[in-house]
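Please read the structure below before turning to the comments.
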Amino acid sequence: MAITSPTERIWWNQPIHKAELIWISLAFVWGLFMFFMMIYWHGAGEQNLSNEAYRIQPAVFAEKTQEMIDAYTVRQEGIIPVVHPPPGSDVYLIARLWQWWPILEFEKDQSYRLHLSSLDWQHGFSLLPVNINISVHPGYEMVVTMQPNQAGEYGIVCNEYCGLGHHTMLGKIYVVE
Ligand code: CUA
């Protein structure tokens, strides 16, 4: 019973039961195995992204995003600018309560360096339907090189709970021919 003192006061000196040792060893070996599988899957399964992460002040990230918007906005959707940055360039996407800003338009088979950061707290970038998922934190930018291979409209949803408007935090990426 946990609410009374143990009869054996120095319980931590008791030898570990064999069954417990076996389970601990099994879990440890499995953990090691899965650790090396992550590396294997990165190459063979193309499952884990080669993303980079850097420290950045939210204000600096907002400034860089605004510079890109000022230079390459091609139209508006409601209040949200649609930005068509040149192929090969650095592209910025802001996560904040509760929107992805701006809408991006990429060209098919061109490569872009997509920078993601948050201006307030943690959000989750989830690109649909291709299932690319990246955590987005304030103070850090995640950079991922992407080369879309299919034209169309892609949805971004936030997959980290971020408050009352979490379910309305939707964005868009267009890929054009
Ligand atoms: Cu942003 Cu949930």
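Ligands are numbered from 1 in the order shown, residues from 1 within each chain, and chains are lettered A, B, ... in the order they appear in the structure tokens.
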
- Name the residues in contact with range 68-79 of chain A at a cut-off of 10 Å, using only C-alpha atoms, excluding same-chain residues fewer than 2 positions from it; report them as a PyMOL selection string. chain A and resi 63-66+81-86+89-93+101-105

Selection above as a file: N, CA and C atoms, as a PDB file, in the first residue's frame:
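Ended up saving to result.pdb:
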ATOM      1  N   GLU A  63      10.157  41.004 -40.559  1.00  0.00           N
ATOM      2  CA  GLU A  63      10.717  41.969 -41.503  1.00  0.00           C
ATOM      3  C   GLU A  63      11.093  41.299 -42.837  1.00  0.00           C
ATOM      4  N   LYS A  64      11.761  40.149 -42.748  1.00  0.00           N
ATOM      5  CA  LYS A  64      12.168  39.427 -43.958  1.00  0.00           C
ATOM      6  C   LYS A  64      10.946  38.987 -44.762  1.00  0.00           C
ATOM      7  N   THR A  65       9.914  38.549 -44.041  1.00  0.00           N
ATOM      8  CA  THR A  65       8.683  38.120 -44.713  1.00  0.00           C
ATOM      9  C   THR A  65       8.050  39.308 -45.447  1.00  0.00           C
ATOM     10  N   GLN A  66       8.027  40.464 -44.756  1.00  0.00           N
ATOM     11  CA  GLN A  66       7.417  41.648 -45.355  1.00  0.00           C
ATOM     12  C   GLN A  66       8.183  42.095 -46.599  1.00  0.00           C
ATOM     13  N   PRO A  81      -2.113  38.569 -49.011  1.00  0.00           N
ATOM     14  CA  PRO A  81      -1.372  38.661 -50.274  1.00  0.00           C
ATOM     15  C   PRO A  81      -0.964  37.277 -50.784  1.00  0.00           C
ATOM     16  N   VAL A  82      -1.018  37.121 -52.101  1.00  0.00           N
ATOM     17  CA  VAL A  82      -0.508  35.904 -52.727  1.00  0.00           C
ATOM     18  C   VAL A  82       0.847  36.257 -53.328  1.00  0.00           C
ATOM     19  N   VAL A  83       1.887  35.550 -52.906  1.00  0.00           N
ATOM     20  CA  VAL A  83       3.252  35.908 -53.261  1.00  0.00           C
ATOM     21  C   VAL A  83       3.833  34.852 -54.191  1.00  0.00           C
ATOM     22  N   HIS A  84       4.420  35.310 -55.284  1.00  0.00           N
ATOM     23  CA  HIS A  84       5.042  34.407 -56.253  1.00  0.00           C
ATOM     24  C   HIS A  84       6.542  34.711 -56.297  1.00  0.00           C
ATOM     25  N   PRO A  85       7.310  34.087 -55.404  1.00  0.00           N
ATOM     26  CA  PRO A  85       8.744  34.398 -55.332  1.00  0.00           C
ATOM     27  C   PRO A  85       9.511  33.726 -56.466  1.00  0.00           C
ATOM     28  N   PRO A  86      10.672  34.270 -56.850  1.00  0.00           N
ATOM     29  CA  PRO A  86      11.444  33.663 -57.941  1.00  0.00           C
ATOM     30  C   PRO A  86      11.955  32.275 -57.537  1.00  0.00           C
ATOM     31  N   SER A  89      14.690  30.907 -54.646  1.00  0.00           N
ATOM     32  CA  SER A  89      14.900  31.941 -53.633  1.00  0.00           C
ATOM     33  C   SER A  89      14.507  31.462 -52.233  1.00  0.00           C
ATOM     34  N   ASP A  90      14.818  32.303 -51.258  1.00  0.00           N
ATOM     35  CA  ASP A  90      14.407  32.067 -49.883  1.00  0.00           C
ATOM     36  C   ASP A  90      12.995  32.597 -49.705  1.00  0.00           C
ATOM     37  N   VAL A  91      12.138  31.748 -49.159  1.00  0.00           N
ATOM     38  CA  VAL A  91      10.721  32.070 -49.048  1.00  0.00           C
ATOM     39  C   VAL A  91      10.319  32.008 -47.581  1.00  0.00           C
ATOM     40  N   TYR A  92       9.507  32.943 -47.144  1.00  0.00           N
ATOM     41  CA  TYR A  92       9.170  33.038 -45.720  1.00  0.00           C
ATOM     42  C   TYR A  92       7.684  32.829 -45.489  1.00  0.00           C
ATOM     43  N   LEU A  93       7.379  32.071 -44.442  1.00  0.00           N
ATOM     44  CA  LEU A  93       5.981  31.853 -44.080  1.00  0.00           C
ATOM     45  C   LEU A  93       5.835  32.035 -42.569  1.00  0.00           C
ATOM     46  N   TRP A 101       0.799  33.278 -43.008  1.00  0.00           N
ATOM     47  CA  TRP A 101       0.890  34.543 -43.743  1.00  0.00           C
ATOM     48  C   TRP A 101       2.188  34.579 -44.523  1.00  0.00           C
ATOM     49  N   PRO A 102       2.210  34.839 -45.800  1.00  0.00           N
ATOM     50  CA  PRO A 102       1.074  35.034 -46.728  1.00  0.00           C
ATOM     51  C   PRO A 102       0.706  33.710 -47.406  1.00  0.00           C
ATOM     52  N   ILE A 103      -0.037  33.787 -48.522  1.00  0.00           N
ATOM     53  CA  ILE A 103      -0.250  32.615 -49.378  1.00  0.00           C
ATOM     54  C   ILE A 103       0.915  32.572 -50.368  1.00  0.00           C
ATOM     55  N   LEU A 104       1.487  31.402 -50.555  1.00  0.00           N
ATOM     56  CA  LEU A 104       2.649  31.285 -51.451  1.00  0.00           C
ATOM     57  C   LEU A 104       2.244  30.626 -52.756  1.00  0.00           C
ATOM     58  N   GLU A 105       2.919  31.030 -53.829  1.00  0.00           N
ATOM     59  CA  GLU A 105       2.689  30.405 -55.130  1.00  0.00           C
ATOM     60  C   GLU A 105       4.036  29.976 -55.691  1.00  0.00           C
TER      61      GLU A 105
END

- Residues within 12 Å of ligand 1, counting only C-alpha atoms and all ligand atoms, as JSON, numbers by chain: {"A": [94, 95, 96, 97, 98, 99, 100, 101, 117, 118, 119, 120, 121, 122, 123, 124, 125, 126, 134, 135, 136, 137, 138, 156, 157, 158, 159, 160, 161, 162, 163, 164, 165, 166, 167, 168, 169, 170, 171]}

Please provide the set of residues having any atom within 8 Å of Ala151 in chain A, restricted to only C-alpha atoms, with same-chain residues fewer than 3 positions apart removed, written as an mmCIF file with N, CA, C and O atoms, in the first residue's frame.
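Full text of out_15.cif as output:
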data_model
loop_
_atom_site.group_PDB
_atom_site.id
_atom_site.type_symbol
_atom_site.label_atom_id
_atom_site.label_comp_id
_atom_site.auth_asym_id
_atom_site.auth_seq_id
_atom_site.Cartn_x
_atom_site.Cartn_y
_atom_site.Cartn_z
ATOM 1 N N GLU A 107 6.419 27.459 -58.509
ATOM 2 C CA GLU A 107 6.381 26.857 -59.843
ATOM 3 C C GLU A 107 6.776 25.393 -59.732
ATOM 4 O O GLU A 107 7.686 25.044 -58.982
ATOM 5 N N LYS A 108 6.083 24.571 -60.491
ATOM 6 C CA LYS A 108 6.325 23.138 -60.464
ATOM 7 C C LYS A 108 7.772 22.830 -60.884
ATOM 8 O O LYS A 108 8.308 23.470 -61.786
ATOM 9 N N PRO A 148 8.302 21.181 -55.434
ATOM 10 C CA PRO A 148 7.000 20.564 -55.697
ATOM 11 C C PRO A 148 6.985 19.864 -57.059
ATOM 12 O O PRO A 148 7.466 20.424 -58.044
ATOM 13 N N TYR A 174 0.007 27.462 -53.528
ATOM 14 C CA TYR A 174 -0.352 27.090 -54.894
ATOM 15 C C TYR A 174 0.901 26.609 -55.608
ATOM 16 O O TYR A 174 1.979 27.175 -55.421
ATOM 17 N N VAL A 175 0.743 25.592 -56.433
ATOM 18 C CA VAL A 175 1.835 25.199 -57.318
ATOM 19 C C VAL A 175 1.312 25.302 -58.747
ATOM 20 O O VAL A 175 0.296 24.699 -59.081
ATOM 21 N N VAL A 176 1.998 26.113 -59.561
ATOM 22 C CA VAL A 176 1.540 26.345 -60.935
ATOM 23 C C VAL A 176 2.550 25.789 -61.924
ATOM 24 O O VAL A 176 3.735 25.627 -61.594
ATOM 25 N N GLU A 177 2.085 25.501 -63.120
ATOM 26 C CA GLU A 177 2.946 24.937 -64.172
ATOM 27 C C GLU A 177 3.940 25.982 -64.662
ATOM 28 O O GLU A 177 3.613 27.154 -64.747
#

- Task: Quick one: pick out all strand (DSSP E or B) residues within chain A from a backbone DSSP run and write them as a PyMOL selection string.
- Result: chain A and resi 52-55+73-77+80-83+90-96+99-101+103-107+112-118+123-128+132-136+138+140-146+152-158+170-176

- Note on the structure: Atom pair CA of Gly155 in chain A + CA of Phe106 in chain A, distance 13.5 Å

- Item | Proximity to Glu141 in chain A - best of A:Glu46, A:Glu52, A:Asp109, A:Glu8, only C-alpha atoms | A:Glu52

- Task: List every residue of range 1-157 of chain A that DSSP, applied to the backbone, labels as helix (DSSP H, G or I), and write the result as a ChimeraX atom specification.
- Result: /A:11-13,18-45,58-72

- Message: Between CA of Asn51 in chain A and CA of Ile132 in chain A, what is the distance in Å, rounded to a tenth?
- Response: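 Computing it gives 11.3 Å between the two atoms.
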